[in-house]
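A quick write-up on the structure given underneath.
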Amino acid sequence: DVINNAYDKLLPNESKVPMAAPQFLCQYSNISECLPIEWQDRFTLTLWNPTIHPVTHHARVPVTKEYWIRDPMGSIIPAEYIPIPDTTKNISGRKSSAQNQYIFTILLPALGFSTYYFEVKNGEIIEKKHVTTTRNEFLRVEFDDQGNLHQIINLEKRIAVPFTAQGFYWLYTSFPGSSSLPEFQASGAYVFRPLTSKTQPVSTTRTIQEVSLFQGAPTVEAEWTVGPIPIDDDVDKEIVIRYDTNIESASQYYTDANGRQVLE
């Protein structure tokens with residue numbers, strides 16, 4: 001109630017956007033499930049940025065209807081309406097009826113939030129496209145006939161990065177430590193510690209990969225899902241995806257760390 005009262009004061013109530021509604025947390029958004037918004041004609045999405053710098057984020061919202069999406073100023077924004085992958089829909093324990101999802105780009109202010117408003121469409125038909133090449137103003141991504149990444153082309157610099165191998169999912173046995181001391185740290189959340197370097201490919205029937213490009217973003221987003229993970233042998237597993245390219249990086253790479261953006 002305290003959080004909802006605070007939102008009532010902060011969220012706009014102009015006539016050009018829907019009235020503020022009670023807030024709730026979608027704890028299963030990582031499997032495309034948010035039961036309270038299903039079959040609703042109107043709802044709001046509020047995203048919070050806890051970092052000290054502005055962040056551009058690509059939101060994914062599972063839906064059971066088609067909507068207009070308005071930004072905090074009440075203007076309709078462009079959004080992609082695409083199917084939720086079957087592998088995600090078939091995850092054990094998922095209860096959602098959502099078959100599709102909206103993907104759109106948002107800008108979150110530093111130490112702030114942005115609210116987006118969903119209003120159901122009436123009688124609108126959205127054309128779904130099936131392509132093997134996708135592009136924006138910065139990049140073109142090409143796929144082979146199996147749906148694997150073939151190459152990524154930087155349109156401005158005219159540089160092509162071919163993928164010599166991709167889509168190989170490797171299975172590791174986790175380190176079964178007690179975590180009583182650093183040397184006994186067990187593999188787990190945020191701790192990747194396989195017991196050995198022995199690998200085993202995971203069946204493609206257990207995996208799916210989504211590759212996305214967004215307008216105005218010079219980056220490629222790759223999201224992959226794996227499961228169900230076999231547990232009959234009572235052995236913990238570590239699962240990764242590996243991409244092989246011809247990039248000569250001299251072992252230098254960039255990664256994210258605790259929301260601090262890209263670090264070398």
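For the structure tokens, the naming scheme is as follows: chains receive sequential letters (A, B, ...) according to their order of presentation, residues are indexed from 1 within each chain, and ligands are indexed from 1 in presentation order.
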
Find the residues near stretch 60-66 of chain A: any atom within 8 Å, counting only C-alpha atoms, skip ones fewer than 3 places away on the same chain, and give them as an MDAnalysis selection string. chainID A and resid 29 32:34 37:39 84 97:104 120:121 124

With N, CA and C atoms kept, could you save the residues just selected as a CSV table (one decimal), in the first residue's frame?
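Okay, this is what ended up in result.csv:
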chain,number,residue,atom,x,y,z
A,29,SER,N,8.7,-12.7,-15.2
A,29,SER,CA,8.8,-12.1,-16.5
A,29,SER,C,9.9,-12.8,-17.3
A,32,SER,N,8.4,-15.1,-19.6
A,32,SER,CA,7.3,-14.5,-20.3
A,32,SER,C,5.9,-14.8,-19.6
A,33,GLU,N,5.9,-14.5,-18.3
A,33,GLU,CA,4.6,-14.7,-17.6
A,33,GLU,C,4.4,-13.5,-16.7
A,34,CYS,N,3.2,-12.9,-16.8
A,34,CYS,CA,2.8,-11.8,-15.9
A,34,CYS,C,1.2,-11.9,-15.8
A,37,ILE,N,-1.8,-9.0,-15.8
A,37,ILE,CA,-2.1,-8.1,-16.9
A,37,ILE,C,-2.8,-8.9,-18.0
A,38,GLU,N,-2.9,-10.2,-17.9
A,38,GLU,CA,-3.5,-11.0,-18.9
A,38,GLU,C,-5.0,-10.7,-19.1
A,39,TRP,N,-5.4,-10.5,-20.4
A,39,TRP,CA,-6.8,-10.2,-20.8
A,39,TRP,C,-7.3,-8.8,-20.3
A,84,ILE,N,5.9,-15.6,-28.7
A,84,ILE,CA,6.8,-16.1,-27.7
A,84,ILE,C,7.3,-17.5,-28.2
A,97,SER,N,-1.2,-17.6,-20.3
A,97,SER,CA,-1.9,-17.9,-21.5
A,97,SER,C,-1.3,-17.0,-22.7
A,98,ALA,N,-0.3,-16.2,-22.4
A,98,ALA,CA,0.2,-15.3,-23.4
A,98,ALA,C,0.9,-16.1,-24.5
A,99,GLN,N,0.6,-15.8,-25.7
A,99,GLN,CA,1.2,-16.4,-26.9
A,99,GLN,C,2.2,-15.5,-27.6
A,100,ASN,N,2.1,-14.2,-27.3
A,100,ASN,CA,2.9,-13.2,-28.1
A,100,ASN,C,3.5,-12.2,-27.1
A,101,GLN,N,4.4,-11.4,-27.6
A,101,GLN,CA,5.1,-10.4,-26.7
A,101,GLN,C,5.4,-9.1,-27.5
A,102,TYR,N,5.4,-8.0,-26.8
A,102,TYR,CA,5.8,-6.7,-27.4
A,102,TYR,C,7.2,-6.5,-26.9
A,103,ILE,N,8.0,-6.0,-27.9
A,103,ILE,CA,9.4,-5.6,-27.6
A,103,ILE,C,9.5,-4.1,-28.1
A,104,PHE,N,10.0,-3.3,-27.2
A,104,PHE,CA,10.2,-1.8,-27.5
A,104,PHE,C,11.3,-1.2,-26.7
A,120,VAL,N,-5.8,-1.5,-25.2
A,120,VAL,CA,-6.1,-2.5,-26.2
A,120,VAL,C,-6.5,-1.9,-27.5
A,121,LYS,N,-6.0,-2.6,-28.6
A,121,LYS,CA,-6.4,-2.3,-30.0
A,121,LYS,C,-7.7,-3.0,-30.3
A,124,GLU,N,-7.5,-4.4,-35.0
A,124,GLU,CA,-6.2,-4.2,-35.7
A,124,GLU,C,-5.6,-5.5,-36.1

As a VMD selection string, please: every residue in stretch 15-189 of chain A that a backbone DSSP assignment puts in strand (DSSP E). chain A and resid 42 to 49 55 to 63 67 to 70 80 to 83 100 to 108 112 to 120 133 to 135 139 to 143 149 to 154 159 to 173

Spatial neighbours of A:Glu156, max dist 10 Å, only C-alpha atoms, sep filter under 6 positions, as a PyMOL selection string: chain A and resi 137-139

So how many Å separate atom CA of A:Thr51 and atom CA of A:Gly74, to one decimal?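 For atom CA of A:Thr51 relative to atom CA of A:Gly74, the distance reads 25.2 Å.
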
Computed interatomic separation between atom CA of A:Ile76 and atom CA of A:Phe43 (Å): 14.6 Å

Between atom CA of A:Ser75 and atom CA of A:Trp48 - distance in Å to one decimal: 20.0 Å

8 Å contact set for A:Pro72, only C-alpha atoms, chain neighbours under 6 positions out, as a list of chain:residue names: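 The contact residues come out as A:Pro12, A:Ser114, A:Thr115, A:Tyr116, A:Tyr117.
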
For the selection you just gave me, I'd like the residues written to a file as an mmCIF file, in the first residue's frame, keeping N, CA and C atoms.
data_model
loop_
_atom_site.group_PDB
_atom_site.id
_atom_site.type_symbol
_atom_site.label_atom_id
_atom_site.label_comp_id
_atom_site.auth_asym_id
_atom_site.auth_seq_id
_atom_site.Cartn_x
_atom_site.Cartn_y
_atom_site.Cartn_z
ATOM 1 N N PRO A 12 1.659 10.491 -13.701
ATOM 2 C CA PRO A 12 0.801 11.546 -14.243
ATOM 3 C C PRO A 12 -0.640 11.086 -14.357
ATOM 4 N N SER A 114 10.445 5.150 -15.508
ATOM 5 C CA SER A 114 9.581 5.564 -16.609
ATOM 6 C C SER A 114 8.367 4.638 -16.623
ATOM 7 N N THR A 115 7.210 5.205 -16.947
ATOM 8 C CA THR A 115 5.970 4.435 -16.981
ATOM 9 C C THR A 115 5.394 4.460 -18.387
ATOM 10 N N TYR A 116 4.982 3.289 -18.862
ATOM 11 C CA TYR A 116 4.394 3.149 -20.188
ATOM 12 C C TYR A 116 2.980 2.593 -20.045
ATOM 13 N N TYR A 117 2.099 3.061 -20.940
ATOM 14 C CA TYR A 117 0.676 2.785 -20.818
ATOM 15 C C TYR A 117 0.189 1.936 -21.981
#

I need the residues in stretch 76-193 of chain A that are helix (DSSP H, G or I) according to DSSP; give them as an MDAnalysis selection string. chainID A and resid 86:89 182:184

Can I get the selected residues back with C-alpha atoms, as a JSON list (two decimals), in the first residue's frame?
[["chain", "number", "residue", "atom", "x", "y", "z"],
["A", 86, "ASP", "CA", 7.48, -22.55, -28.02],
["A", 87, "THR", "CA", 10.40, -23.55, -25.79],
["A", 88, "THR", "CA", 9.53, -20.69, -23.43],
["A", 89, "LYS", "CA", 5.80, -21.44, -23.52],
["A", 182, "PRO", "CA", 36.50, -19.75, -0.43],
["A", 183, "GLU", "CA", 38.23, -22.88, -1.69],
["A", 184, "PHE", "CA", 35.00, -24.83, -1.08]]

Looking at A:Phe214, A:Phe118, A:Phe143, A:Phe175, which one is nearest to A:Ser197, with distances taken over only C-alpha atoms? A:Phe175

Can you work out which one of A:Asp233, A:Leu155, A:Ile239, A:Tyr253 has the shortest atom-to-atom distance to A:Asn136, counting only C-alpha atoms?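 Among the listed residues, the smallest separation from A:Asn136 belongs to A:Leu155.
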
Residues near A:Leu47, cut-off 10 Å, only C-alpha atoms, skip fewer than 5 positions along chain, as a ChimeraX atom specification: /A:57,59,106-108,112-116

Taking N, CA and C atoms for each residue, export the selection above as a compact mmCIF listing (two decimals), in the first residue's frame.
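Okay, this is what ended up in out21.txt:
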# COMPACT_ATOMS: atom_id res chain seq x y z
N HIS A 57 16.99 0.58 -22.41
CA HIS A 57 16.57 -0.78 -22.12
C HIS A 57 15.57 -1.24 -23.17
N ALA A 59 12.48 -3.48 -23.49
CA ALA A 59 11.48 -4.17 -22.67
C ALA A 59 10.78 -5.25 -23.47
N ILE A 106 13.18 1.72 -24.47
CA ILE A 106 12.84 2.77 -23.51
C ILE A 106 14.13 3.38 -22.96
N LEU A 107 14.03 4.61 -22.51
CA LEU A 107 15.15 5.30 -21.87
C LEU A 107 14.79 5.58 -20.43
N LEU A 108 15.61 5.05 -19.53
CA LEU A 108 15.38 5.22 -18.09
C LEU A 108 16.33 6.28 -17.55
N GLY A 112 15.94 6.83 -11.50
CA GLY A 112 14.56 7.22 -11.76
C GLY A 112 13.79 6.10 -12.43
N PHE A 113 12.57 6.42 -12.87
CA PHE A 113 11.73 5.42 -13.49
C PHE A 113 10.97 6.02 -14.66
N SER A 114 10.45 5.15 -15.51
CA SER A 114 9.58 5.56 -16.61
C SER A 114 8.37 4.64 -16.62
N THR A 115 7.21 5.20 -16.95
CA THR A 115 5.97 4.43 -16.98
C THR A 115 5.39 4.46 -18.39
N TYR A 116 4.98 3.29 -18.86
CA TYR A 116 4.39 3.15 -20.19
C TYR A 116 2.98 2.59 -20.05

Pick from A:Ser174, A:Gln23, A:Ser251, A:Asn154, whichever lies nearest to A:Leu45 using only C-alpha atoms: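 Once distances to A:Leu45 are computed over only C-alpha atoms, the minimum belongs to A:Gln23.
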
Choose the residue, out of A:Ile229, A:Ala165, A:Ile77, A:Ile82, that has the smallest atom-to-atom separation from A:Asp244; count only C-alpha atoms.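 For A:Asp244, the nearest of the given residues is A:Ala165.
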
Contacts of A:Val55 at 10 Å (only C-alpha atoms; same-chain gap of 5+ positions) as a VMD selection string: chain A and resid 49 to 50 106 to 111 259 261
